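For reference, my_file.cif is printed below; it contains mmCIF, C-alpha atoms.
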```
data_upload
loop_
_atom_site.label_atom_id
_atom_site.label_comp_id
_atom_site.auth_asym_id
_atom_site.auth_seq_id
_atom_site.Cartn_x
_atom_site.Cartn_y
_atom_site.Cartn_z
CA MET H 435 23.33 55.65 22.42
CA GLN H 436 22.73 52.93 25.03
CA THR H 437 19.17 52.46 23.80
CA HIS H 438 20.47 52.10 20.24
CA SER H 439 23.00 49.42 21.35
CA ILE H 440 20.30 47.48 23.19
CA ALA H 441 18.14 47.59 20.07
CA ILE H 442 21.01 46.21 17.98
CA ILE H 443 21.60 43.41 20.50
CA LEU H 444 17.90 42.54 20.56
CA ASN H 445 17.82 42.62 16.79
CA LEU H 446 20.78 40.21 16.61
CA ARG H 447 19.19 37.93 19.16
CA THR H 448 15.95 37.97 17.21
CA ARG H 449 17.80 37.06 14.04
CA MET H 450 19.62 34.23 15.81
CA VAL H 451 16.34 32.88 17.17
CA LEU H 452 14.73 33.09 13.74
CA LEU H 453 17.76 31.39 12.17
CA PHE H 454 17.62 28.65 14.79
CA LEU H 455 13.91 28.12 14.18
CA ALA H 456 14.54 28.02 10.42
CA LEU H 457 17.21 25.35 10.89
CA ILE H 458 14.83 23.29 13.02
CA GLN H 459 12.15 23.64 10.36
CA LEU H 460 14.61 22.60 7.64
CA PHE H 461 15.72 19.59 9.69
CA CYS H 462 12.10 18.56 10.25
CA LEU H 463 11.35 19.00 6.56
CA ILE H 464 14.27 16.79 5.54
CA THR H 465 13.49 14.20 8.19
CA CYS H 466 9.78 14.11 7.41
CA SER H 467 10.44 13.97 3.67
CA PHE H 468 12.92 11.11 4.09
CA SER H 469 10.51 9.26 6.37
CA ASN H 470 7.66 9.78 3.93
CA TYR H 471 9.83 8.63 1.04
CA LEU H 472 10.61 5.40 2.89
CA GLY H 473 7.05 4.97 4.13
CA HIS H 474 7.41 5.80 7.84
CA ASP H 475 4.41 6.62 9.99
CA ASP H 476 4.30 7.70 13.62
CA ASP H 477 2.23 4.76 14.85
CA SER H 478 2.80 3.76 18.48
CA ARG H 479 3.68 0.26 17.30
CA TRP H 480 7.15 1.61 16.55
CA LEU H 481 7.77 1.63 20.29
CA GLN H 482 7.09 -2.09 20.69
CA SER H 483 9.99 -4.47 21.04
CA PHE H 484 10.06 -8.00 19.70
CA GLU H 485 10.89 -11.17 21.61
CA PRO H 486 10.72 -13.77 18.81
CA LEU H 487 9.99 -17.33 19.87
CA VAL H 488 10.20 -20.43 17.68
CA ALA H 489 7.03 -22.25 18.65
CA TYR H 490 7.82 -25.31 16.56
CA ASP H 491 10.25 -26.34 13.83
CA VAL H 492 9.16 -29.02 11.34
CA THR H 493 11.11 -30.92 8.68
CA VAL H 494 9.30 -30.46 5.36
CA PHE H 495 11.83 -32.14 3.05
CA GLU H 496 14.79 -34.34 3.97
CA ASN H 497 17.67 -35.04 1.62
CA GLY H 498 17.83 -38.71 0.68
CA TRP H 499 14.11 -39.24 1.28
CA PRO H 500 11.94 -40.89 0.01
CA GLU H 501 14.74 -41.97 -2.36
CA LYS H 502 18.46 -41.71 -1.73
CA ARG H 503 19.00 -39.82 -4.98
CA MET H 504 16.60 -37.03 -3.97
CA ASN H 505 17.97 -33.73 -2.71
CA TYR H 506 16.14 -30.49 -2.06
CA ARG H 507 17.20 -26.87 -2.37
CA ILE H 508 15.86 -23.32 -2.88
CA PRO H 509 12.62 -23.36 -0.82
CA ILE H 510 9.88 -20.71 -1.17
CA ILE H 511 6.85 -20.45 1.11
CA THR H 512 3.55 -18.60 0.82
CA ILE H 513 0.17 -18.40 2.56
CA GLY H 514 -2.89 -19.28 0.48
CA PRO H 515 -5.50 -16.51 0.02
CA LEU H 516 -8.55 -18.71 0.72
CA ASN H 517 -7.92 -20.77 3.85
CA GLN H 518 -4.43 -19.68 4.95
CA THR H 519 -2.94 -22.93 3.60
CA LEU H 520 0.87 -22.96 3.70
CA VAL H 521 2.45 -23.81 0.34
CA VAL H 522 6.11 -24.58 -0.38
CA PHE H 523 7.79 -24.71 -3.80
CA ILE H 524 11.25 -26.25 -4.07
CA GLU H 525 13.83 -27.71 -6.45
CA ASN H 526 14.08 -31.51 -6.23
CA ARG H 527 17.68 -32.04 -7.36
CA LEU H 528 18.50 -35.56 -8.49
CA ASP H 529 21.70 -37.41 -7.49
CA SER H 530 23.38 -34.18 -6.37
CA THR H 531 22.76 -30.83 -4.71
CA SER H 532 24.70 -29.10 -7.49
CA ASP H 533 23.12 -26.29 -9.49
CA SER H 534 23.81 -28.28 -12.65
CA ALA H 535 21.96 -31.40 -11.44
CA PRO H 536 18.74 -32.37 -13.26
CA LYS H 537 15.75 -31.21 -11.24
CA ASN H 538 12.01 -31.40 -10.72
CA ILE H 539 9.83 -28.58 -9.42
CA VAL H 540 8.04 -30.00 -6.38
CA TYR H 541 5.49 -28.60 -3.93
CA LYS H 542 3.83 -29.48 -0.62
CA TYR H 543 1.03 -27.86 1.32
CA SER H 544 -0.13 -27.80 4.94
CA GLU H 545 -3.61 -27.08 6.29
CA ASP H 546 -2.62 -27.00 9.97
CA ASN H 547 -0.09 -24.15 10.10
CA GLY H 548 2.82 -26.35 9.07
CA ILE H 549 2.53 -29.14 11.63
CA THR H 550 1.89 -31.79 8.94
CA TRP H 551 2.48 -31.67 5.20
CA SER H 552 1.11 -33.32 2.08
CA LYS H 553 3.06 -35.74 -0.08
CA ASN H 554 5.24 -34.38 -2.88
CA GLY H 555 3.31 -32.87 -5.76
CA TYR H 556 5.07 -32.30 -9.09
CA ILE H 557 4.82 -29.13 -11.18
CA PHE H 558 7.44 -29.91 -13.81
CA ASN H 559 9.78 -32.86 -14.43
CA SER H 560 13.16 -32.02 -15.88
CA THR H 561 14.88 -34.53 -18.15
CA PHE H 562 18.45 -35.63 -17.58
CA ASN H 563 19.36 -33.56 -20.63
CA GLY H 564 18.24 -30.20 -19.33
CA ASN H 565 18.22 -27.80 -16.44
CA ILE H 566 15.61 -25.95 -14.42
CA PHE H 567 15.57 -23.25 -11.73
CA LEU H 568 13.07 -21.64 -9.36
CA GLY H 569 11.52 -19.22 -9.15
CA SER H 570 8.99 -17.16 -7.27
CA LEU H 571 5.45 -17.28 -5.95
CA VAL H 572 3.04 -14.34 -6.03
CA THR H 573 -0.63 -14.15 -5.04
CA ASP H 574 -3.43 -12.17 -6.67
CA TYR H 575 -5.79 -11.47 -3.75
CA GLN H 576 -8.46 -10.06 -6.05
CA THR H 577 -8.85 -13.39 -7.88
CA ASN H 578 -7.48 -15.67 -5.10
CA THR H 579 -4.87 -17.09 -7.48
CA ILE H 580 -1.28 -18.11 -6.65
CA PHE H 581 1.24 -17.92 -9.51
CA GLY H 582 4.49 -19.91 -9.55
CA PHE H 583 7.48 -19.12 -11.80
CA PHE H 584 10.46 -21.16 -12.98
CA THR H 585 12.83 -21.34 -15.94
CA HIS H 586 13.90 -24.36 -18.00
CA CYS H 587 16.51 -25.08 -20.64
CA PRO H 588 17.15 -28.25 -22.63
CA LEU H 589 20.77 -29.05 -23.39
CA PRO H 590 22.93 -27.41 -24.48
CA CYS H 591 22.45 -24.53 -22.06
CA SER H 592 25.96 -23.13 -22.43
CA LYS H 593 27.08 -20.35 -24.72
CA PRO H 594 26.07 -19.56 -27.41
CA HIS H 595 22.87 -21.60 -26.99
CA ARG H 596 21.37 -19.94 -23.91
CA ILE H 597 17.75 -20.15 -24.99
CA TRP H 598 15.59 -20.58 -21.92
CA ALA H 599 11.84 -21.09 -21.56
CA ASN H 600 10.31 -19.07 -18.72
CA TYR H 601 7.16 -20.65 -17.28
CA VAL H 602 4.26 -19.71 -15.03
CA THR H 603 1.78 -22.06 -13.38
CA GLU H 604 -1.24 -21.14 -11.25
CA SER H 605 -3.39 -22.50 -8.44
CA ARG H 606 -6.94 -21.44 -7.55
CA ASP H 607 -7.40 -23.77 -4.57
CA ASP H 608 -4.78 -22.49 -2.10
CA GLY H 609 -1.91 -24.39 -3.70
CA LYS H 610 -3.33 -27.90 -3.55
CA THR H 611 -3.40 -28.36 -7.33
CA TRP H 612 -1.62 -26.52 -10.13
CA SER H 613 -2.27 -25.82 -13.81
CA THR H 614 -0.12 -27.00 -16.69
CA PRO H 615 2.81 -24.54 -16.90
CA VAL H 616 2.57 -21.90 -19.63
CA ASN H 617 5.62 -20.60 -21.51
CA ILE H 618 5.74 -16.79 -21.20
CA SER H 619 9.12 -16.31 -22.91
CA GLY H 620 7.37 -14.48 -25.73
CA GLU H 621 6.39 -11.82 -23.18
CA ILE H 622 9.46 -11.51 -20.91
CA GLY H 623 12.26 -12.89 -23.13
CA THR H 624 14.36 -16.04 -23.46
CA LEU H 625 17.11 -15.22 -20.97
CA GLN H 626 17.26 -17.28 -17.79
CA PHE H 627 14.94 -15.33 -15.46
CA ASP H 628 15.42 -16.66 -11.94
CA GLY H 629 12.66 -15.06 -9.90
CA GLY H 630 13.56 -14.45 -6.27
CA PRO H 631 13.89 -17.12 -5.01
CA SER H 632 11.18 -15.48 -2.93
CA LEU H 633 7.67 -14.04 -2.92
CA GLY H 634 6.41 -11.33 -5.21
CA ILE H 635 3.80 -8.75 -4.17
CA GLN H 636 0.46 -7.35 -5.27
CA LYS H 637 0.43 -3.57 -4.92
CA LEU H 638 -1.99 -2.10 -2.40
CA TYR H 639 -1.14 1.55 -3.01
CA GLU H 640 -0.64 3.95 -5.93
CA PRO H 641 0.93 3.85 -8.41
CA HIS H 642 -0.47 0.75 -10.16
CA VAL H 643 -2.81 -0.60 -7.49
CA GLY H 644 -3.40 -4.32 -8.06
CA ARG H 645 -0.19 -4.83 -10.06
CA LEU H 646 1.59 -8.16 -9.50
CA VAL H 647 5.37 -7.73 -9.22
CA VAL H 648 8.03 -10.46 -9.16
CA CYS H 649 11.72 -9.57 -8.84
CA GLY H 650 14.77 -11.76 -9.38
CA HIS H 651 17.84 -11.86 -11.56
CA ILE H 652 19.12 -12.93 -14.98
CA GLU H 653 21.94 -15.32 -15.80
CA PRO H 654 24.70 -15.60 -16.97
CA LEU H 655 26.37 -13.41 -14.35
CA GLU H 656 28.12 -11.29 -17.00
CA ILE H 657 24.78 -9.66 -17.86
CA ASP H 658 23.14 -10.18 -14.48
CA GLY H 659 21.41 -7.70 -12.18
CA VAL H 660 17.99 -7.16 -10.62
CA PHE H 661 15.14 -7.72 -13.09
CA CYS H 662 11.43 -7.48 -12.27
CA ILE H 663 8.39 -8.62 -14.22
CA HIS H 664 4.82 -7.45 -13.64
CA SER H 665 1.22 -8.02 -14.63
CA ASP H 666 -1.55 -5.42 -14.67
CA ASP H 667 -4.28 -7.84 -15.82
CA HIS H 668 -4.31 -10.47 -13.05
CA GLY H 669 -1.67 -12.67 -14.65
CA ALA H 670 -3.18 -12.82 -18.16
CA SER H 671 0.05 -11.26 -19.49
CA TRP H 672 3.47 -10.40 -18.08
CA ASN H 673 5.97 -7.67 -18.92
CA MET H 674 9.66 -7.16 -18.17
CA MET H 675 10.61 -3.94 -16.38
CA LYS H 676 11.79 -0.99 -18.46
CA GLU H 677 15.14 -0.36 -16.76
CA PRO H 678 16.81 -3.38 -15.08
CA VAL H 679 19.53 -2.76 -12.49
CA LEU H 680 22.65 -4.07 -14.23
CA GLY H 681 25.99 -5.11 -12.77
CA VAL H 682 29.20 -3.16 -13.39
CA PRO H 683 31.20 -3.84 -15.50
CA TYR H 684 28.35 -4.97 -17.75
CA ASN H 685 28.72 -7.98 -20.05
CA ALA H 686 32.11 -8.80 -18.62
CA SER H 687 33.62 -11.13 -16.07
CA LYS H 688 33.55 -9.72 -12.56
CA LYS H 689 35.77 -9.99 -9.52
CA ASP H 690 35.41 -9.46 -5.80
CA GLY H 691 34.37 -5.90 -5.08
CA ASP H 692 32.42 -5.38 -8.32
CA TYR H 693 28.80 -4.21 -8.25
CA LEU H 694 26.20 -6.92 -8.90
CA PRO H 695 22.88 -7.15 -7.03
CA SER H 696 21.28 -10.50 -7.92
CA GLU H 697 18.82 -12.74 -6.02
CA ALA H 698 16.11 -10.39 -4.82
CA THR H 699 13.03 -10.08 -2.62
CA VAL H 700 10.50 -7.25 -2.90
CA VAL H 701 8.05 -5.60 -0.47
CA GLU H 702 5.72 -2.64 -0.86
CA LEU H 703 6.02 0.23 1.60
CA PRO H 704 2.96 2.11 2.88
CA ASN H 705 3.74 5.07 0.60
CA GLY H 706 3.53 2.86 -2.52
CA ASN H 707 7.29 2.57 -3.10
CA LEU H 708 8.79 -0.85 -3.71
CA MET H 709 11.83 -1.93 -1.69
CA VAL H 710 14.07 -4.72 -2.95
CA ASN H 711 16.59 -6.45 -0.69
CA ALA H 712 19.22 -8.08 -2.92
CA ARG H 713 22.14 -10.46 -2.69
CA ASN H 714 25.46 -8.63 -3.03
CA GLU H 715 27.12 -11.14 -5.35
CA TYR H 716 30.70 -9.80 -5.38
CA HIS H 717 30.69 -7.99 -2.01
CA PHE H 718 30.46 -4.46 -3.38
CA HIS H 719 31.43 -2.11 -0.53
CA CYS H 720 31.14 -4.88 2.09
CA HIS H 721 29.98 -8.43 2.87
CA CYS H 722 26.42 -7.19 3.24
CA ARG H 723 23.11 -6.57 1.45
CA ILE H 724 21.98 -4.05 -1.17
CA THR H 725 18.64 -2.19 -1.01
CA LEU H 726 16.94 -0.67 -4.04
CA ILE H 727 13.85 1.59 -4.15
CA SER H 728 11.32 1.99 -6.98
CA GLU H 729 8.86 4.86 -7.06
CA ASP H 730 7.08 3.73 -10.25
CA GLY H 731 5.75 0.29 -9.38
CA GLY H 732 8.88 -1.67 -10.34
CA ASP H 733 9.56 -0.19 -13.76
CA SER H 734 12.87 1.25 -12.56
CA PHE H 735 15.19 1.46 -9.54
CA PRO H 736 17.21 4.70 -9.93
CA THR H 737 20.86 4.70 -8.92
CA GLU H 738 20.25 7.50 -6.43
CA LEU H 739 17.82 5.18 -4.61
CA VAL H 740 20.32 2.36 -4.08
CA PHE H 741 21.62 1.84 -0.53
CA ILE H 742 24.18 -0.41 1.16
CA ASN H 743 23.09 -2.24 4.33
CA ASP H 744 26.35 -2.51 6.25
CA ASP H 745 24.67 -4.00 9.32
CA LEU H 746 23.05 -6.83 7.34
CA VAL H 747 26.09 -9.12 7.25
CA ASP H 748 25.83 -11.58 4.36
CA GLU H 749 28.02 -13.92 2.34
CA ALA H 750 26.19 -13.63 -1.01
CA CYS H 751 23.25 -15.79 0.08
CA SER H 752 19.56 -15.73 -0.77
CA ALA H 753 17.70 -14.31 2.24
CA GLY H 754 14.19 -13.95 3.61
CA PHE H 755 12.64 -10.47 3.56
CA GLY H 756 9.16 -9.29 4.48
CA LEU H 757 6.98 -6.50 5.89
CA PHE H 758 5.22 -7.11 9.20
CA ASP H 759 2.11 -5.19 10.27
CA ASN H 760 2.81 -2.51 7.65
CA SER H 761 5.46 -1.03 9.92
CA THR H 762 8.47 -3.32 10.44
CA LEU H 763 10.88 -4.92 7.97
CA LEU H 764 11.95 -8.50 8.74
CA PHE H 765 15.07 -10.26 7.44
CA THR H 766 16.52 -13.78 7.76
CA ASN H 767 19.90 -15.14 6.68
CA PRO H 768 22.87 -17.11 8.08
CA ASN H 769 24.29 -13.84 9.49
CA SER H 770 27.70 -14.90 8.27
CA THR H 771 30.59 -14.14 5.96
CA THR H 772 31.63 -17.84 5.88
CA ARG H 773 28.41 -19.67 4.95
CA LYS H 774 29.75 -21.23 1.76
CA ALA H 775 32.82 -22.68 3.44
CA SER H 776 30.85 -24.97 5.72
CA PHE H 777 27.29 -25.41 4.46
CA ARG H 778 28.28 -26.20 0.87
CA ILE H 779 30.79 -28.82 2.06
CA CYS H 780 28.01 -30.43 4.09
CA GLN H 781 25.62 -30.34 1.10
CA LEU H 782 27.96 -31.60 -1.58
CA TYR H 783 30.09 -34.09 0.35
CA GLN H 784 27.93 -34.86 3.40
CA ILE H 785 30.82 -33.87 5.69
CA CYS H 786 28.54 -32.45 8.35
CA ASN H 787 30.10 -33.65 11.61
CA LEU H 788 30.77 -30.18 12.93
CA THR H 789 30.51 -29.06 16.53
CA SER H 790 28.26 -26.21 17.61
CA ASN H 791 31.32 -23.98 18.00
CA GLU H 792 32.28 -24.59 14.38
CA PHE H 793 28.74 -23.64 13.34
CA ALA H 794 28.95 -20.33 15.21
CA GLY H 795 28.45 -17.37 12.89
CA VAL H 796 26.33 -19.25 10.35
CA GLN H 797 23.21 -19.50 12.49
CA LEU H 798 19.90 -18.61 10.87
CA THR H 799 19.02 -15.25 12.39
CA LEU H 800 15.85 -13.13 12.26
CA LYS H 801 16.50 -9.38 12.30
CA TRP H 802 14.07 -6.48 12.20
CA SER H 803 14.11 -2.79 11.36
CA LYS H 804 11.61 -0.25 12.69
CA ASP H 805 13.07 2.66 10.69
CA TRP H 806 12.66 1.25 7.17
CA GLY H 807 16.10 -0.29 6.90
CA ARG H 808 18.25 2.55 8.22
CA SER H 809 19.25 0.33 11.15
CA TRP H 810 18.67 -3.30 12.13
CA SER H 811 18.44 -5.22 15.39
CA ASP H 812 21.09 -7.71 16.44
CA GLY H 813 18.45 -10.32 15.81
CA SER H 814 17.21 -13.57 17.28
CA VAL H 815 18.57 -17.01 16.37
CA ILE H 816 16.06 -19.34 14.71
CA TRP H 817 18.42 -22.30 14.21
CA PRO H 818 21.75 -22.46 16.10
CA TYR H 819 23.64 -24.57 13.58
CA ASP H 820 24.62 -24.30 9.92
CA THR H 821 22.08 -22.88 7.46
CA GLY H 822 21.72 -21.76 3.84
CA TYR H 823 18.93 -20.14 1.84
CA SER H 824 15.76 -18.95 3.57
CA ALA H 825 12.42 -17.35 2.70
CA MET H 826 9.46 -16.16 4.75
CA ALA H 827 5.70 -15.75 4.56
CA LEU H 828 3.57 -13.34 6.59
CA PRO H 829 -0.16 -12.57 6.65
CA ARG H 830 -1.10 -9.92 4.10
CA VAL H 831 -1.53 -6.42 5.48
CA GLU H 832 -4.69 -4.81 4.09
CA SER H 833 -5.76 -2.56 6.96
CA SER H 834 -4.51 -0.93 10.13
CA ALA H 835 -5.64 -3.90 12.22
CA PRO H 836 -2.60 -5.59 13.81
CA SER H 837 -1.63 -9.05 12.61
CA PRO H 838 -1.18 -11.82 15.18
CA GLY H 839 2.61 -11.72 15.01
CA ARG H 840 2.91 -14.91 13.00
CA VAL H 841 5.86 -15.52 10.66
CA TYR H 842 6.68 -18.72 8.78
CA VAL H 843 10.34 -19.18 7.82
CA ILE H 844 11.39 -21.95 5.42
CA TYR H 845 15.13 -22.63 5.31
CA GLU H 846 17.97 -24.99 4.38
CA ARG H 847 19.71 -26.38 7.43
CA SER H 848 22.14 -28.94 8.81
CA ASN H 849 21.89 -30.65 12.19
CA GLY H 850 25.55 -31.69 12.14
CA GLN H 851 24.78 -35.03 10.46
CA SER H 852 22.59 -34.29 7.43
CA THR H 853 20.77 -31.51 5.60
CA SER H 854 17.05 -30.84 5.31
CA ILE H 855 14.45 -28.19 4.53
CA ASN H 856 12.67 -27.04 7.68
CA MET H 857 9.91 -24.60 8.50
CA ALA H 858 10.05 -22.59 11.71
CA ALA H 859 6.81 -21.07 13.04
CA VAL H 860 7.84 -17.87 14.82
CA ASP H 861 5.82 -15.51 16.99
CA LEU H 862 7.42 -12.09 17.12
CA TYR H 863 6.01 -11.35 20.57
CA GLY H 864 6.78 -14.75 22.08
CA ARG H 865 3.13 -15.79 22.39
CA LEU H 866 2.67 -19.52 21.89
CA GLU H 867 -1.10 -19.26 21.93
CA SER H 868 -1.12 -17.20 18.72
CA LEU H 869 0.27 -20.05 16.64
#
```

Mind converting the file's structure to structure tokens?
Amino acid sequence: MQTHSIAIILNLRTRMVLLFLALIQLFCLITCSFSNYLGHDDDSRWLQSFEPLVAYDVTVFENGWPEKRMNYRIPIITIGPLNQTLVVFIENRLDSTSDSAPKNIVYKYSEDNGITWSKNGYIFNSTFNGNIFLGSLVTDYQTNTIFGFFTHCPLPCSKPHRIWANYVTESRDDGKTWSTPVNISGEIGTLQFDGGPSLGIQKLYEPHVGRLVVCGHIEPLEIDGVFCIHSDDHGASWNMMKEPVLGVPYNASKKDGDYLPSEATVVELPNGNLMVNARNEYHFHCHCRITLISEDGGDSFPTELVFINDDLVDEACSAGFGLFDNSTLLFTNPNSTTRKASFRICQLYQICNLTSNEFAGVQLTLKWSKDWGRSWSDGSVIWPYDTGYSAMALPRVESSAPSPGRVYVIYERSNGQSTSINMAAVDLYGRLESL
């Protein structure tokens, strides 16, 4: 009888041990699957900590210069595929910083890592009777070609005459000269496609290796959402994605709390998935960012792969987003829920005489995530005063070799007296000699 009881006890203990081991296995399976789905690897670089240092900060464009009527907004920066030339696209808004102001599409380039810059080059001149918006840049590293996108509309651009022309221009000399823009509305449609404002990507991994992908949004806001276009023939033709991510309620006016991801930046994860970080236009769930995942090369972003980034505080602002060393996500924004209240006043009315305390909370901040966006660092301040839109450029990751830790951030800023477009050269490890 005693022997039988001991056998029962041992049998129960064995079952408990087996159950415990099964639970551990299930946990590992879920964790590993989730990590694989997001693109996580177990590289030792995950253990490294960043100490970002701004090595130098250079004014690229200054409002009111070279003519008083010139204003600049919506900067995008990229690194040329041939000689690592830095290239910036921007809207040159005339007589006002307003979205409705007539604009030119302007560019500059730098051959010394952003220390000095070329004079203004012009891609497209808008008339006083029309409107124009950037836009994205994307590089084909197989043909060493940079593509630039923007959209233009002659008056009237209001309902029911919203017929926009969507253009692409290209450069084969690291952004120093650009081709005559080509209208691709016949391929992607005549709605106002505002790419980014940010960089697109060229896919390194399956599916669709070599595909060029540019993500952005459509206006008007009633039918807005995240829309991506792509090319599988090195930019010879472009196609709109099959299933855009639309706002809710669709085709209707929206209010605070409604769902509408808009301005977007895309990166490719090491497992081939695309991750989009998007502006949360009406503060759905929180004053924060929205993340979307595509498993089919940007043709769709299923609802079940949409996430809310509570710890990426944001007041519906276009932000910088990139992938460093194939292992760490980077993010820049004003880190604020009050950006519009101060920066827009400074832009529109030149009332910029604010103290550093009044700027607190709208400082341009660089954050990073080493777990594919599940959590984010508190960040490091790039500019301690008022800021607006930002974008970033990093060296392309094509192998396991570590990059030098170099990040270029282009951003709108105020110094308390005026506004300008500046570029900050940042080393993630605080090494001045790498820049």

Expand the PyMOL selection byres ((chain H and resi 707) around 10) into the individual residues it matches in the shown file, reporting them as a PyMOL selection string. chain H and resi 471-473+637+639-641+701-706+708-710+727-732

Expected selection from the PyMOL selection byres ((chain H and resi 726) around 10), given as a short mmCIF file (atom, residue, chain, number, x, y, z; two decimals) with C-alpha atoms, in the coordinates of the input:
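And here's expr_14.cif as it stands now:
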```
data_model
loop_
_atom_site.label_atom_id
_atom_site.label_comp_id
_atom_site.auth_asym_id
_atom_site.auth_seq_id
_atom_site.Cartn_x
_atom_site.Cartn_y
_atom_site.Cartn_z
CA VAL H 660 17.99 -7.16 -10.62
CA VAL H 679 19.53 -2.76 -12.49
CA PRO H 695 22.88 -7.15 -7.03
CA ALA H 698 16.11 -10.39 -4.82
CA VAL H 700 10.50 -7.25 -2.90
CA LEU H 708 8.79 -0.85 -3.71
CA MET H 709 11.83 -1.93 -1.69
CA VAL H 710 14.07 -4.72 -2.95
CA ASN H 711 16.59 -6.45 -0.69
CA ALA H 712 19.22 -8.08 -2.92
CA ILE H 724 21.98 -4.05 -1.17
CA THR H 725 18.64 -2.19 -1.01
CA ILE H 727 13.85 1.59 -4.15
CA SER H 728 11.32 1.99 -6.98
CA SER H 734 12.87 1.25 -12.56
CA PHE H 735 15.19 1.46 -9.54
CA PRO H 736 17.21 4.70 -9.93
CA THR H 737 20.86 4.70 -8.92
CA GLU H 738 20.25 7.50 -6.43
CA LEU H 739 17.82 5.18 -4.61
CA VAL H 740 20.32 2.36 -4.08
CA PHE H 741 21.62 1.84 -0.53
CA ILE H 742 24.18 -0.41 1.16
#
```

Any chance you could resolve the PyMOL selection byres ((chain H and resi 482-486) around 10) against this file and give the residues as a tab-separated table (two decimals) with C-alpha atoms, in the frame of the given file?
```tsv
chain	number	residue	atom	x	y	z
H	478	SER	CA	2.80	3.76	18.48
H	479	ARG	CA	3.68	0.26	17.30
H	480	TRP	CA	7.15	1.61	16.55
H	481	LEU	CA	7.77	1.63	20.29
H	487	LEU	CA	9.99	-17.33	19.87
H	488	VAL	CA	10.20	-20.43	17.68
H	489	ALA	CA	7.03	-22.25	18.65
H	800	LEU	CA	15.85	-13.13	12.26
H	801	LYS	CA	16.50	-9.38	12.30
H	802	TRP	CA	14.07	-6.48	12.20
H	804	LYS	CA	11.61	-0.25	12.69
H	811	SER	CA	18.44	-5.22	15.39
H	813	GLY	CA	18.45	-10.32	15.81
H	814	SER	CA	17.21	-13.57	17.28
H	815	VAL	CA	18.57	-17.01	16.37
H	816	ILE	CA	16.06	-19.34	14.71
H	839	GLY	CA	2.61	-11.72	15.01
H	840	ARG	CA	2.91	-14.91	13.00
H	841	VAL	CA	5.86	-15.52	10.66
H	860	VAL	CA	7.84	-17.87	14.82
H	861	ASP	CA	5.82	-15.51	16.99
H	862	LEU	CA	7.42	-12.09	17.12
H	863	TYR	CA	6.01	-11.35	20.57
H	864	GLY	CA	6.78	-14.75	22.08
H	865	ARG	CA	3.13	-15.79	22.39
```

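Distance annotation: of H:Met674, H:Cys591, H:Ile652, H:Leu528, the residue with the minimal separation from Pro500 in chain H is H:Leu528; atom set is only C-alpha atoms.
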
Can you report as JSON the centre and edge lengths in Å, to one decimal, of an axis-aligned box around the listed atoms of range 713-727 of chain H padded with 6 Å on each side?
```
{"center_x": 22.6, "center_y": -4.8, "center_z": -1.1, "size_x": 29.6, "size_y": 24.7, "size_z": 20.6}
```
